[in-house]
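Here's the structure, in structure tokens; my notes come after.
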Amino acid sequence: MRGPLLAAAGAAMGGTGGPLARTIRAKLTAALQPTHLEVRDDSPRHGGPPGAETHFGVLVVSGLFAGLSPLQRHRLVHEALRAELAGPLHALQVTARTPEQWQSDPQNPPAPPCLGGSKREKRRGAGEEEEEEEAAGKQ
């Protein structure tokens with residue numbers, strides 16, 4: 001059963017999202033019975049093609065987290081999304097709180113900045129960039 005906060009969060013997030021977002025929402029709801037759940041698709045911020053659904057952030061508020069360390073909470077989230085993490089889901093930011101924690105601080109931390117780059121892209125050092133700029137200026 002979806003609580004009012006869960007339903008409101010879904011509407012506030014612009015509907016149900018793409019297929020992977022809907023799967024994440026359904027699996028976390030079934031496994032963790034959250035009183036509040038936000039699923040954020042951060043994929044466009046990471047240079048993927050439109051509709052890629054590879055980078056997500058989730059905020060899960062569940063009574064099942066009571067008495068668990070942050071690591072144990074993250075493990076529960078990861079266990080619920082095992083198949084997705086082994087396949088299309090490349091990155092997942094997890095915020096896992098108890099209802100009491102959420103009530104005292106109902107803020108979702110901002111998404112971490114994208115550091116850019118790709119494993120297919122050669123990383124350049126600062127010296128290389130300066131040398132290229134100097135070479136371009138001499139031509």
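Within each chain, counting starts at residue 1; across the structure tokens, chains are named A, B, ... in the order shown, with ligands numbered 1 upward in that order.
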
- Task: Name the residues in contact with A:Leu71 at a cut-off of 12 Å, using only C-alpha atoms, excluding same-chain residues fewer than 6 positions from it; report them as a ChimeraX atom specification.
- Result: /A:65,77-78,94-97

Go ahead and save the picked residues with C-alpha atoms, as an mmCIF file, in the first residue's frame.
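Below is the file that was written, part_13.cif:
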data_model
loop_
_atom_site.group_PDB
_atom_site.id
_atom_site.type_symbol
_atom_site.label_atom_id
_atom_site.label_comp_id
_atom_site.auth_asym_id
_atom_site.auth_seq_id
_atom_site.Cartn_x
_atom_site.Cartn_y
_atom_site.Cartn_z
ATOM 1 C CA PHE A 65 16.023 0.843 8.642
ATOM 2 C CA VAL A 77 18.649 -1.157 -1.140
ATOM 3 C CA HIS A 78 21.324 -2.814 -3.267
ATOM 4 C CA VAL A 94 21.338 6.140 -1.908
ATOM 5 C CA THR A 95 19.895 8.159 0.951
ATOM 6 C CA ALA A 96 18.279 5.781 3.452
ATOM 7 C CA ARG A 97 16.528 7.163 6.534
#

Mind dumping a table of every stretch 6-65 of chain A residue within 12 Å of stretch 79-88 of chain A, with the nearest atom pair and its distance in Å to one decimal, using only C-alpha atoms, sorted by chain and rising number, as JSON lines?
{"residue": "A:Pro19", "atom": "CA", "partner": "A:Pro88", "partner_atom": "CA", "distance": 11.0}
{"residue": "A:Leu20", "atom": "CA", "partner": "A:Glu84", "partner_atom": "CA", "distance": 8.1}
{"residue": "A:Ala21", "atom": "CA", "partner": "A:Glu84", "partner_atom": "CA", "distance": 10.4}
{"residue": "A:Arg22", "atom": "CA", "partner": "A:Glu84", "partner_atom": "CA", "distance": 11.7}
{"residue": "A:Thr23", "atom": "CA", "partner": "A:Glu84", "partner_atom": "CA", "distance": 8.7}
{"residue": "A:Ile24", "atom": "CA", "partner": "A:Leu81", "partner_atom": "CA", "distance": 6.9}
{"residue": "A:Arg25", "atom": "CA", "partner": "A:Leu81", "partner_atom": "CA", "distance": 9.9}
{"residue": "A:Ala26", "atom": "CA", "partner": "A:Ala80", "partner_atom": "CA", "distance": 9.9}
{"residue": "A:Lys27", "atom": "CA", "partner": "A:Ala80", "partner_atom": "CA", "distance": 6.2}
{"residue": "A:Leu28", "atom": "CA", "partner": "A:Ala80", "partner_atom": "CA", "distance": 6.2}
{"residue": "A:Thr29", "atom": "CA", "partner": "A:Ala80", "partner_atom": "CA", "distance": 9.4}
{"residue": "A:Ala30", "atom": "CA", "partner": "A:Ala80", "partner_atom": "CA", "distance": 8.7}
{"residue": "A:Ala31", "atom": "CA", "partner": "A:Ala80", "partner_atom": "CA", "distance": 6.2}
{"residue": "A:Leu32", "atom": "CA", "partner": "A:Ala80", "partner_atom": "CA", "distance": 8.3}
{"residue": "A:Gln33", "atom": "CA", "partner": "A:Ala80", "partner_atom": "CA", "distance": 11.6}
{"residue": "A:Ser43", "atom": "CA", "partner": "A:Pro88", "partner_atom": "CA", "distance": 11.5}
{"residue": "A:Gly51", "atom": "CA", "partner": "A:Pro88", "partner_atom": "CA", "distance": 11.8}
{"residue": "A:Ala52", "atom": "CA", "partner": "A:Pro88", "partner_atom": "CA", "distance": 8.8}
{"residue": "A:Glu53", "atom": "CA", "partner": "A:Pro88", "partner_atom": "CA", "distance": 7.6}
{"residue": "A:Thr54", "atom": "CA", "partner": "A:Pro88", "partner_atom": "CA", "distance": 6.1}
{"residue": "A:His55", "atom": "CA", "partner": "A:Pro88", "partner_atom": "CA", "distance": 9.2}
{"residue": "A:Phe56", "atom": "CA", "partner": "A:Leu85", "partner_atom": "CA", "distance": 10.8}
{"residue": "A:Val58", "atom": "CA", "partner": "A:Leu81", "partner_atom": "CA", "distance": 11.4}

Taking the chain letters and numbering used in this document, name the residues of stretch 53-108 of chain A that DSSP puts in strand (DSSP E or B), as a compact mmCIF listing (two decimals) with all heavy atoms, in the first residue's frame.
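Saved the output as result09.txt:
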# COMPACT_ATOMS: atom_id res chain seq x y z
N HIS A 55 21.98 6.39 -14.49
CA HIS A 55 22.40 7.00 -13.23
C HIS A 55 21.17 7.46 -12.45
O HIS A 55 20.37 8.24 -12.97
CB HIS A 55 23.29 8.23 -13.48
CG HIS A 55 24.59 7.92 -14.12
ND1 HIS A 55 24.71 7.49 -15.42
CD2 HIS A 55 25.85 7.98 -13.64
CE1 HIS A 55 25.99 7.31 -15.72
NE2 HIS A 55 26.70 7.60 -14.65
N PHE A 56 21.02 6.96 -11.21
CA PHE A 56 19.86 7.30 -10.41
C PHE A 56 20.26 7.68 -8.99
O PHE A 56 21.30 7.26 -8.50
CB PHE A 56 18.89 6.11 -10.32
CG PHE A 56 18.04 5.94 -11.55
CD1 PHE A 56 18.49 5.22 -12.62
CD2 PHE A 56 16.78 6.52 -11.61
CE1 PHE A 56 17.71 5.07 -13.76
CE2 PHE A 56 15.99 6.38 -12.74
CZ PHE A 56 16.45 5.65 -13.81
N GLY A 57 19.39 8.44 -8.37
CA GLY A 57 19.48 8.72 -6.94
C GLY A 57 18.16 8.30 -6.31
O GLY A 57 17.10 8.50 -6.92
N VAL A 58 18.22 7.68 -5.14
CA VAL A 58 17.00 7.31 -4.44
C VAL A 58 17.07 7.82 -3.01
O VAL A 58 18.12 7.84 -2.39
CB VAL A 58 16.75 5.78 -4.45
CG1 VAL A 58 16.51 5.28 -5.86
CG2 VAL A 58 17.87 5.01 -3.78
N LEU A 59 15.91 8.26 -2.54
CA LEU A 59 15.72 8.61 -1.14
C LEU A 59 14.66 7.65 -0.64
O LEU A 59 13.55 7.62 -1.15
CB LEU A 59 15.23 10.05 -0.99
CG LEU A 59 14.69 10.43 0.39
CD1 LEU A 59 15.79 10.38 1.44
CD2 LEU A 59 14.07 11.80 0.35
N VAL A 60 15.03 6.81 0.32
CA VAL A 60 14.13 5.80 0.85
C VAL A 60 13.97 6.05 2.34
O VAL A 60 14.97 6.08 3.08
CB VAL A 60 14.68 4.37 0.63
CG1 VAL A 60 13.65 3.34 1.06
CG2 VAL A 60 15.09 4.14 -0.82
N VAL A 61 12.74 6.21 2.79
CA VAL A 61 12.43 6.37 4.21
C VAL A 61 11.62 5.14 4.60
O VAL A 61 10.53 4.91 4.06
CB VAL A 61 11.64 7.66 4.48
CG1 VAL A 61 11.31 7.79 5.96
CG2 VAL A 61 12.41 8.88 3.99
N ALA A 91 25.04 3.67 -11.94
CA ALA A 91 25.38 4.39 -10.72
C ALA A 91 24.12 4.65 -9.92
O ALA A 91 23.08 4.98 -10.48
CB ALA A 91 26.06 5.72 -11.07
N LEU A 92 24.25 4.52 -8.59
CA LEU A 92 23.11 4.71 -7.71
C LEU A 92 23.54 5.48 -6.46
O LEU A 92 24.41 5.01 -5.72
CB LEU A 92 22.52 3.35 -7.31
CG LEU A 92 21.30 3.38 -6.40
CD1 LEU A 92 20.10 4.01 -7.11
CD2 LEU A 92 20.97 1.97 -5.94
N GLN A 93 22.95 6.64 -6.24
CA GLN A 93 23.17 7.40 -5.01
C GLN A 93 22.03 7.04 -4.07
O GLN A 93 20.86 7.16 -4.44
CB GLN A 93 23.17 8.90 -5.27
CG GLN A 93 23.33 9.70 -3.99
CD GLN A 93 22.87 11.14 -4.11
OE1 GLN A 93 22.24 11.53 -5.08
NE2 GLN A 93 23.17 11.93 -3.10
N VAL A 94 22.35 6.59 -2.86
CA VAL A 94 21.34 6.14 -1.91
C VAL A 94 21.33 7.04 -0.68
O VAL A 94 22.37 7.28 -0.07
CB VAL A 94 21.61 4.68 -1.47
CG1 VAL A 94 20.60 4.24 -0.41
CG2 VAL A 94 21.59 3.73 -2.66
N THR A 95 20.13 7.51 -0.33
CA THR A 95 19.90 8.16 0.95
C THR A 95 18.83 7.31 1.63
O THR A 95 17.73 7.17 1.10
CB THR A 95 19.40 9.61 0.77
OG1 THR A 95 20.38 10.34 0.02
CG2 THR A 95 19.18 10.28 2.13
N ALA A 96 19.18 6.71 2.76
CA ALA A 96 18.28 5.78 3.45
C ALA A 96 18.08 6.27 4.88
O ALA A 96 19.03 6.32 5.66
CB ALA A 96 18.87 4.38 3.44
N ARG A 97 16.82 6.60 5.21
CA ARG A 97 16.53 7.16 6.53
C ARG A 97 15.34 6.46 7.18
O ARG A 97 14.49 5.90 6.50
CB ARG A 97 16.18 8.65 6.41
CG ARG A 97 17.34 9.47 5.90
CD ARG A 97 17.05 10.92 6.03
NE ARG A 97 18.18 11.70 5.56
CZ ARG A 97 18.06 12.88 5.02
NH1 ARG A 97 16.89 13.45 4.91
NH2 ARG A 97 19.13 13.53 4.62

- Task: Would you list the contacts of A:Pro99 as a ChimeraX atom specification, taking every protein, DNA or RNA residue within 8 Å and counting only C-alpha atoms, but skipping same-chain residues closer than 2 positions in sequence?
- Result: /A:35,61-63,97,101-103

- Task: Report the distance between atom CA of A:Gly17 and atom CA of A:Leu76 in Å, rounded to one decimal place.
- Result: 22.7 Å

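Straight-line separation from atom CA of A:His36 to atom CA of A:Leu64: 12.4 Å.
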
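Here atom CA of A:Arg40 stands at a distance of 9.0 Å from atom CA of A:Ala111.
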
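Candidate residues A:Pro34, A:Pro106, A:Pro113, A:Glu100 were compared for distance to A:Gly67, and the nearest is A:Glu100, using only C-alpha atoms.
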